[in-house]
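For reference, start.cif is printed below; it contains mmCIF, N, CA and C atoms.
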```cif
data_input
#
loop_
_atom_site.group_PDB
_atom_site.id
_atom_site.type_symbol
_atom_site.label_atom_id
_atom_site.label_comp_id
_atom_site.auth_asym_id
_atom_site.auth_seq_id
_atom_site.Cartn_x
_atom_site.Cartn_y
_atom_site.Cartn_z
ATOM 1 N N MET A 1 13.725 43.326 -226.514
ATOM 2 C CA MET A 1 14.662 42.763 -225.562
ATOM 3 C C MET A 1 13.872 42.272 -224.347
ATOM 4 N N PRO A 2 13.228 41.125 -224.467
ATOM 5 C CA PRO A 2 12.409 40.632 -223.366
ATOM 6 C C PRO A 2 13.235 40.204 -222.147
ATOM 7 N N THR A 3 12.812 40.658 -220.989
ATOM 8 C CA THR A 3 13.401 40.203 -219.730
ATOM 9 C C THR A 3 12.701 38.911 -219.336
ATOM 10 N N ILE A 4 13.470 37.873 -219.088
ATOM 11 C CA ILE A 4 12.928 36.561 -218.763
ATOM 12 C C ILE A 4 12.829 36.370 -217.256
ATOM 13 N N LEU A 5 13.816 36.904 -216.533
ATOM 14 C CA LEU A 5 13.884 36.658 -215.099
ATOM 15 C C LEU A 5 14.740 37.732 -214.451
ATOM 16 N N ARG A 6 14.408 38.053 -213.210
ATOM 17 C CA ARG A 6 15.255 38.912 -212.377
ATOM 18 C C ARG A 6 15.541 38.152 -211.095
ATOM 19 N N ILE A 7 16.807 38.107 -210.745
ATOM 20 C CA ILE A 7 17.224 37.499 -209.488
ATOM 21 C C ILE A 7 18.139 38.507 -208.816
ATOM 22 N N GLY A 8 17.684 39.053 -207.713
ATOM 23 C CA GLY A 8 18.450 40.110 -207.066
ATOM 24 C C GLY A 8 18.634 41.250 -208.046
ATOM 25 N N SER A 9 19.864 41.674 -208.241
ATOM 26 C CA SER A 9 20.139 42.769 -209.176
ATOM 27 C C SER A 9 20.520 42.272 -210.573
ATOM 28 N N PHE A 10 20.417 40.965 -210.808
ATOM 29 C CA PHE A 10 20.721 40.401 -212.126
ATOM 30 C C PHE A 10 19.458 40.366 -212.985
ATOM 31 N N ARG A 11 19.590 40.814 -214.219
ATOM 32 C CA ARG A 11 18.487 40.744 -215.185
ATOM 33 C C ARG A 11 18.886 39.774 -216.287
ATOM 34 N N PHE A 12 18.044 38.781 -216.538
ATOM 35 C CA PHE A 12 18.280 37.753 -217.554
ATOM 36 C C PHE A 12 17.371 38.057 -218.737
ATOM 37 N N PHE A 13 17.963 38.163 -219.934
ATOM 38 C CA PHE A 13 17.187 38.590 -221.100
ATOM 39 C C PHE A 13 17.836 38.083 -222.372
ATOM 40 N N PHE A 14 17.128 38.257 -223.487
ATOM 41 C CA PHE A 14 17.738 38.062 -224.800
ATOM 42 C C PHE A 14 17.269 39.169 -225.719
ATOM 43 N N TYR A 15 17.999 39.347 -226.813
ATOM 44 C CA TYR A 15 17.667 40.370 -227.797
ATOM 45 C C TYR A 15 16.742 39.778 -228.848
ATOM 46 N N SER A 16 15.827 40.575 -229.323
ATOM 47 C CA SER A 16 14.808 40.116 -230.277
ATOM 48 C C SER A 16 15.377 39.702 -231.627
ATOM 49 N N ASN A 17 16.576 40.159 -231.967
ATOM 50 C CA ASN A 17 17.134 39.892 -233.298
ATOM 51 C C ASN A 17 18.166 38.756 -233.298
ATOM 52 N N GLU A 18 18.120 37.884 -232.315
ATOM 53 C CA GLU A 18 19.163 36.864 -232.197
ATOM 54 C C GLU A 18 18.681 35.443 -232.492
ATOM 55 N N SER A 19 17.614 35.313 -233.227
ATOM 56 C CA SER A 19 17.074 33.977 -233.492
ATOM 57 C C SER A 19 18.003 33.121 -234.355
ATOM 58 N N ASN A 20 18.970 33.755 -235.019
ATOM 59 C CA ASN A 20 19.892 33.001 -235.876
ATOM 60 C C ASN A 20 21.060 32.399 -235.094
ATOM 61 N N GLU A 21 21.163 32.680 -233.810
ATOM 62 C CA GLU A 21 22.223 32.117 -232.971
ATOM 63 C C GLU A 21 21.666 30.946 -232.171
ATOM 64 N N PRO A 22 22.548 30.080 -231.675
ATOM 65 C CA PRO A 22 22.075 29.039 -230.757
ATOM 66 C C PRO A 22 21.446 29.678 -229.511
ATOM 67 N N ALA A 23 20.591 28.927 -228.831
ATOM 68 C CA ALA A 23 19.905 29.447 -227.642
ATOM 69 C C ALA A 23 20.919 29.924 -226.603
ATOM 70 N N HIS A 24 20.670 31.112 -226.069
ATOM 71 C CA HIS A 24 21.551 31.704 -225.073
ATOM 72 C C HIS A 24 20.772 32.723 -224.250
ATOM 73 N N ILE A 25 21.399 33.187 -223.187
ATOM 74 C CA ILE A 25 20.801 34.196 -222.322
ATOM 75 C C ILE A 25 21.856 35.249 -222.004
ATOM 76 N N HIS A 26 21.426 36.503 -221.959
ATOM 77 C CA HIS A 26 22.286 37.604 -221.539
ATOM 78 C C HIS A 26 21.949 37.943 -220.098
ATOM 79 N N ILE A 27 22.945 38.386 -219.352
ATOM 80 C CA ILE A 27 22.742 38.799 -217.972
ATOM 81 C C ILE A 27 23.380 40.164 -217.795
ATOM 82 N N GLN A 28 22.630 41.058 -217.149
ATOM 83 C CA GLN A 28 23.119 42.415 -216.916
ATOM 84 C C GLN A 28 22.965 42.769 -215.449
ATOM 85 N N LYS A 29 23.964 43.445 -214.943
ATOM 86 C CA LYS A 29 23.915 44.061 -213.621
ATOM 87 C C LYS A 29 24.706 45.352 -213.740
ATOM 88 N N ASP A 30 24.027 46.478 -213.582
ATOM 89 C CA ASP A 30 24.662 47.784 -213.762
ATOM 90 C C ASP A 30 25.349 47.824 -215.128
ATOM 91 N N ASN A 31 26.673 48.072 -215.159
ATOM 92 C CA ASN A 31 27.375 48.162 -216.445
ATOM 93 C C ASN A 31 28.093 46.857 -216.806
ATOM 94 N N MET A 32 27.721 45.777 -216.135
ATOM 95 C CA MET A 32 28.335 44.471 -216.398
ATOM 96 C C MET A 32 27.397 43.636 -217.261
ATOM 97 N N LEU A 33 27.972 42.901 -218.198
ATOM 98 C CA LEU A 33 27.187 42.052 -219.100
ATOM 99 C C LEU A 33 27.857 40.693 -219.253
ATOM 100 N N ALA A 34 27.031 39.675 -219.411
ATOM 101 C CA ALA A 34 27.543 38.338 -219.718
ATOM 102 C C ALA A 34 26.556 37.654 -220.651
ATOM 103 N N LYS A 35 27.059 36.679 -221.369
ATOM 104 C CA LYS A 35 26.238 35.881 -222.276
ATOM 105 C C LYS A 35 26.604 34.422 -222.055
ATOM 106 N N PHE A 36 25.579 33.580 -221.851
ATOM 107 C CA PHE A 36 25.784 32.149 -221.660
ATOM 108 C C PHE A 36 25.010 31.378 -222.706
ATOM 109 N N TRP A 37 25.670 30.401 -223.337
ATOM 110 C CA TRP A 37 24.970 29.442 -224.181
ATOM 111 C C TRP A 37 24.142 28.561 -223.259
ATOM 112 N N LEU A 38 23.025 28.039 -223.764
ATOM 113 C CA LEU A 38 22.138 27.240 -222.919
ATOM 114 C C LEU A 38 22.285 25.735 -223.105
ATOM 115 N N HIS A 39 22.829 25.271 -224.233
ATOM 116 C CA HIS A 39 23.008 23.822 -224.461
ATOM 117 C C HIS A 39 24.346 23.548 -225.092
ATOM 118 N N PRO A 40 25.339 23.117 -224.375
ATOM 119 C CA PRO A 40 25.369 23.041 -222.922
ATOM 120 C C PRO A 40 25.595 24.428 -222.338
ATOM 121 N N VAL A 41 25.313 24.573 -221.047
ATOM 122 C CA VAL A 41 25.522 25.872 -220.394
ATOM 123 C C VAL A 41 27.017 26.161 -220.380
ATOM 124 N N ALA A 42 27.379 27.296 -220.986
ATOM 125 C CA ALA A 42 28.788 27.690 -221.063
ATOM 126 C C ALA A 42 28.866 29.194 -221.277
ATOM 127 N N LEU A 43 29.864 29.803 -220.693
ATOM 128 C CA LEU A 43 30.078 31.233 -220.868
ATOM 129 C C LEU A 43 30.479 31.519 -222.309
ATOM 130 N N ALA A 44 29.787 32.455 -222.940
ATOM 131 C CA ALA A 44 30.112 32.862 -224.311
ATOM 132 C C ALA A 44 30.909 34.155 -224.320
ATOM 133 N N ALA A 45 30.558 35.090 -223.421
ATOM 134 C CA ALA A 45 31.231 36.390 -223.380
ATOM 135 C C ALA A 45 30.934 37.054 -222.046
ATOM 136 N N SER A 46 31.831 37.948 -221.646
ATOM 137 C CA SER A 46 31.619 38.676 -220.396
ATOM 138 C C SER A 46 32.342 40.006 -220.443
ATOM 139 N N THR A 47 31.699 41.010 -219.879
ATOM 140 C CA THR A 47 32.308 42.332 -219.745
ATOM 141 C C THR A 47 32.121 42.802 -218.310
ATOM 142 N N ARG A 48 33.218 42.940 -217.599
ATOM 143 C CA ARG A 48 33.273 43.537 -216.270
ATOM 144 C C ARG A 48 32.793 42.663 -215.108
ATOM 145 N N PHE A 49 32.263 41.474 -215.359
ATOM 146 C CA PHE A 49 31.905 40.593 -214.245
ATOM 147 C C PHE A 49 33.171 39.955 -213.679
ATOM 148 N N SER A 50 33.221 39.818 -212.369
ATOM 149 C CA SER A 50 34.352 39.148 -211.725
ATOM 150 C C SER A 50 34.230 37.635 -211.926
ATOM 151 N N PRO A 51 35.332 36.916 -211.803
ATOM 152 C CA PRO A 51 35.260 35.454 -211.885
ATOM 153 C C PRO A 51 34.275 34.867 -210.858
ATOM 154 N N LYS A 52 34.221 35.451 -209.672
ATOM 155 C CA LYS A 52 33.282 34.987 -208.641
ATOM 156 C C LYS A 52 31.838 35.159 -209.108
ATOM 157 N N ASP A 53 31.525 36.324 -209.666
ATOM 158 C CA ASP A 53 30.174 36.562 -210.187
ATOM 159 C C ASP A 53 29.850 35.604 -211.327
ATOM 160 N N LEU A 54 30.812 35.346 -212.199
ATOM 161 C CA LEU A 54 30.573 34.442 -213.329
ATOM 162 C C LEU A 54 30.281 33.019 -212.863
ATOM 163 N N ARG A 55 30.961 32.576 -211.809
ATOM 164 C CA ARG A 55 30.659 31.247 -211.259
ATOM 165 C C ARG A 55 29.230 31.214 -210.717
ATOM 166 N N LYS A 56 28.830 32.285 -210.023
ATOM 167 C CA LYS A 56 27.464 32.371 -209.498
ATOM 168 C C LYS A 56 26.453 32.393 -210.643
ATOM 169 N N LEU A 57 26.745 33.163 -211.678
ATOM 170 C CA LEU A 57 25.834 33.248 -212.817
ATOM 171 C C LEU A 57 25.694 31.902 -213.516
ATOM 172 N N GLN A 58 26.793 31.175 -213.660
ATOM 173 C CA GLN A 58 26.708 29.869 -214.312
ATOM 174 C C GLN A 58 25.801 28.928 -213.515
ATOM 175 N N LEU A 59 25.892 28.980 -212.195
ATOM 176 C CA LEU A 59 25.002 28.166 -211.360
ATOM 177 C C LEU A 59 23.546 28.575 -211.559
ATOM 178 N N LEU A 60 23.283 29.887 -211.622
ATOM 179 C CA LEU A 60 21.917 30.373 -211.820
ATOM 180 C C LEU A 60 21.378 29.980 -213.193
ATOM 181 N N VAL A 61 22.224 30.068 -214.211
ATOM 182 C CA VAL A 61 21.783 29.680 -215.559
ATOM 183 C C VAL A 61 21.472 28.183 -215.584
ATOM 184 N N ASN A 62 22.314 27.380 -214.954
ATOM 185 C CA ASN A 62 22.031 25.938 -214.869
ATOM 186 C C ASN A 62 20.710 25.682 -214.151
ATOM 187 N N GLU A 63 20.494 26.388 -213.060
ATOM 188 C CA GLU A 63 19.289 26.199 -212.253
ATOM 189 C C GLU A 63 18.019 26.564 -213.023
ATOM 190 N N HIS A 64 18.097 27.585 -213.867
ATOM 191 C CA HIS A 64 16.922 28.095 -214.578
ATOM 192 C C HIS A 64 16.958 27.794 -216.074
ATOM 193 N N GLN A 65 17.793 26.849 -216.473
ATOM 194 C CA GLN A 65 17.973 26.520 -217.891
ATOM 195 C C GLN A 65 16.644 26.187 -218.572
ATOM 196 N N ASP A 66 15.802 25.407 -217.928
ATOM 197 C CA ASP A 66 14.515 25.036 -218.537
ATOM 198 C C ASP A 66 13.633 26.256 -218.775
ATOM 199 N N THR A 67 13.613 27.167 -217.821
ATOM 200 C CA THR A 67 12.832 28.404 -217.966
ATOM 201 C C THR A 67 13.339 29.217 -219.142
ATOM 202 N N PHE A 68 14.659 29.341 -219.247
ATOM 203 C CA PHE A 68 15.243 30.126 -220.338
ATOM 204 C C PHE A 68 14.973 29.474 -221.690
ATOM 205 N N MET A 69 15.101 28.153 -221.755
ATOM 206 C CA MET A 69 14.849 27.454 -223.024
ATOM 207 C C MET A 69 13.385 27.570 -223.433
ATOM 208 N N GLU A 70 12.491 27.447 -222.474
ATOM 209 C CA GLU A 70 11.066 27.583 -222.774
ATOM 210 C C GLU A 70 10.765 28.980 -223.315
ATOM 211 N N ALA A 71 11.327 30.004 -222.679
ATOM 212 C CA ALA A 71 11.110 31.382 -223.138
ATOM 213 C C ALA A 71 11.702 31.586 -224.527
ATOM 214 N N TRP A 72 12.893 31.040 -224.772
ATOM 215 C CA TRP A 72 13.552 31.157 -226.077
ATOM 216 C C TRP A 72 12.682 30.531 -227.165
ATOM 217 N N ASN A 73 12.246 29.295 -226.926
ATOM 218 C CA ASN A 73 11.450 28.575 -227.922
ATOM 219 C C ASN A 73 10.093 29.234 -228.149
ATOM 220 N N GLU A 74 9.503 29.735 -227.090
ATOM 221 C CA GLU A 74 8.221 30.429 -227.215
ATOM 222 C C GLU A 74 8.378 31.713 -228.033
ATOM 223 N N TYR A 75 9.427 32.469 -227.744
ATOM 224 C CA TYR A 75 9.622 33.763 -228.399
ATOM 225 C C TYR A 75 10.028 33.606 -229.864
ATOM 226 N N PHE A 76 10.969 32.703 -230.111
ATOM 227 C CA PHE A 76 11.493 32.553 -231.466
ATOM 228 C C PHE A 76 10.791 31.452 -232.253
ATOM 229 N N GLY A 77 9.876 30.747 -231.630
ATOM 230 C CA GLY A 77 9.112 29.728 -232.341
ATOM 231 C C GLY A 77 9.916 28.512 -232.723
ATOM 232 N N SER A 78 10.931 28.195 -231.930
ATOM 233 C CA SER A 78 11.784 27.029 -232.230
ATOM 234 C C SER A 78 11.160 25.764 -231.700
#
```

Rewrite the coordinates I just gave you, this time as structure tokens.
Amino acid sequence: MPTILRIGSFRFFFYSNESNEPAHIHIQKDNMLAKFWLHPVALAASTRFSPKDLRKLQLLVNEHQDTFMEAWNEYFGS
């Protein structure tokens, strides 16, 4: 479960066994989790994040989309 980036208390990561899914990133803060698809950036799932936090996370995922895609392709060899 490689961590790609930390911004404040948010941890951006993906699971090692998810190469069969489209590129995406998971975000965790305490007991809250979210998953965003990377192309196009869109919320896939969320647990316990507020709508305000999800809007902030979507902006962060958009801002760092290239970093996340590079890490995904490097890790999974896509």

Between A:Lys29, A:Lys56, A:His24, A:His64, which residue has the minimum interatomic distance to Leu5 (chain A), considering only C-alpha atoms?
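Distance minimum relative to Leu5 (chain A) lands on A:His64.
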
Nearest residue to Asn62 (chain A) from the set A:Ile4, A:Leu38, A:Ala44, A:Met32 (distances using all atoms listed in the file):
A:Leu38

Nearest residue to Met69 (chain A) from the set A:His39, A:Leu57, A:Ala45, A:Pro51 (distances using only C-alpha atoms)
A:His39

Excluding Glu18 (chain A) and its own-chain neighbours fewer than 5 positions away, which residues fall within 10 Å of it when counting only C-alpha atoms? Please give them as a list in words.
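The residues satisfying every condition are Met1, Ala23, His24 and Phe76 of chain A.
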
As a list in words, please: the residues near Phe49 (chain A) (cut-off 8 Å, only N, CA and C atoms, same-chain neighbours under 6 positions excluded).
Asn31, Met32, Leu33, Ala34 and Arg55 of chain A

Once the PyMOL selection byres (((chain A and resi 17 and name CA) around 12) and name CA) is applied to the coordinates I shared, what remains selected? I want it as an NGL selection string.
:A and (1-2 or 14-16 or 18-21 or 72 or 75-76)

Expressed in Å to a single decimal, how great is the separation between atom C of Trp37 (chain A) and CA of Ile25 (chain A)?
6.6 Å

Distance of CA of Asn73 (chain A) from atom N of Ser46 (chain A), expressed in Å to one decimal place:
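Between these atoms lies a distance of 23.3 Å.
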
Can you list what the PyMOL selection byres (((chain A and resi 11 and name CA) around 6) and name CA) grabs from this structure, as a ChimeraX atom specification?
/A:6,10,12,27-28

As JSON, what would the box around region 52-59 of chain A look like: edges along x, y and z, 8 Å added on every side, centre and edge lengths in Å to one decimal?
```
{"center_x": 28.9, "center_y": 32.4, "center_z": -211.5, "size_x": 26.7, "size_y": 24.4, "size_z": 21.7}
```

Atom C of Asp53 (chain A) to atom C of Pro40 (chain A): how many Å, to one decimal?
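Answer for the atom C of Asp53 (chain A) to atom C of Pro40 (chain A) separation: 16.3 Å.
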
Which residues in region 41-77 of chain A does DSSP call helix (DSSP H, G or I)? List them as a ChimeraX atom specification.
/A:51-63,65-76

Secondary structure check, strand (DSSP E or B) residues of region 30-68 of chain A, as a list in words:
Met32, Leu33, Ala34, Lys35, Phe36, Trp37, Leu38, Val41, Ala42, Leu43, Ala44, Ala45, Ser46 and Thr47 of chain A
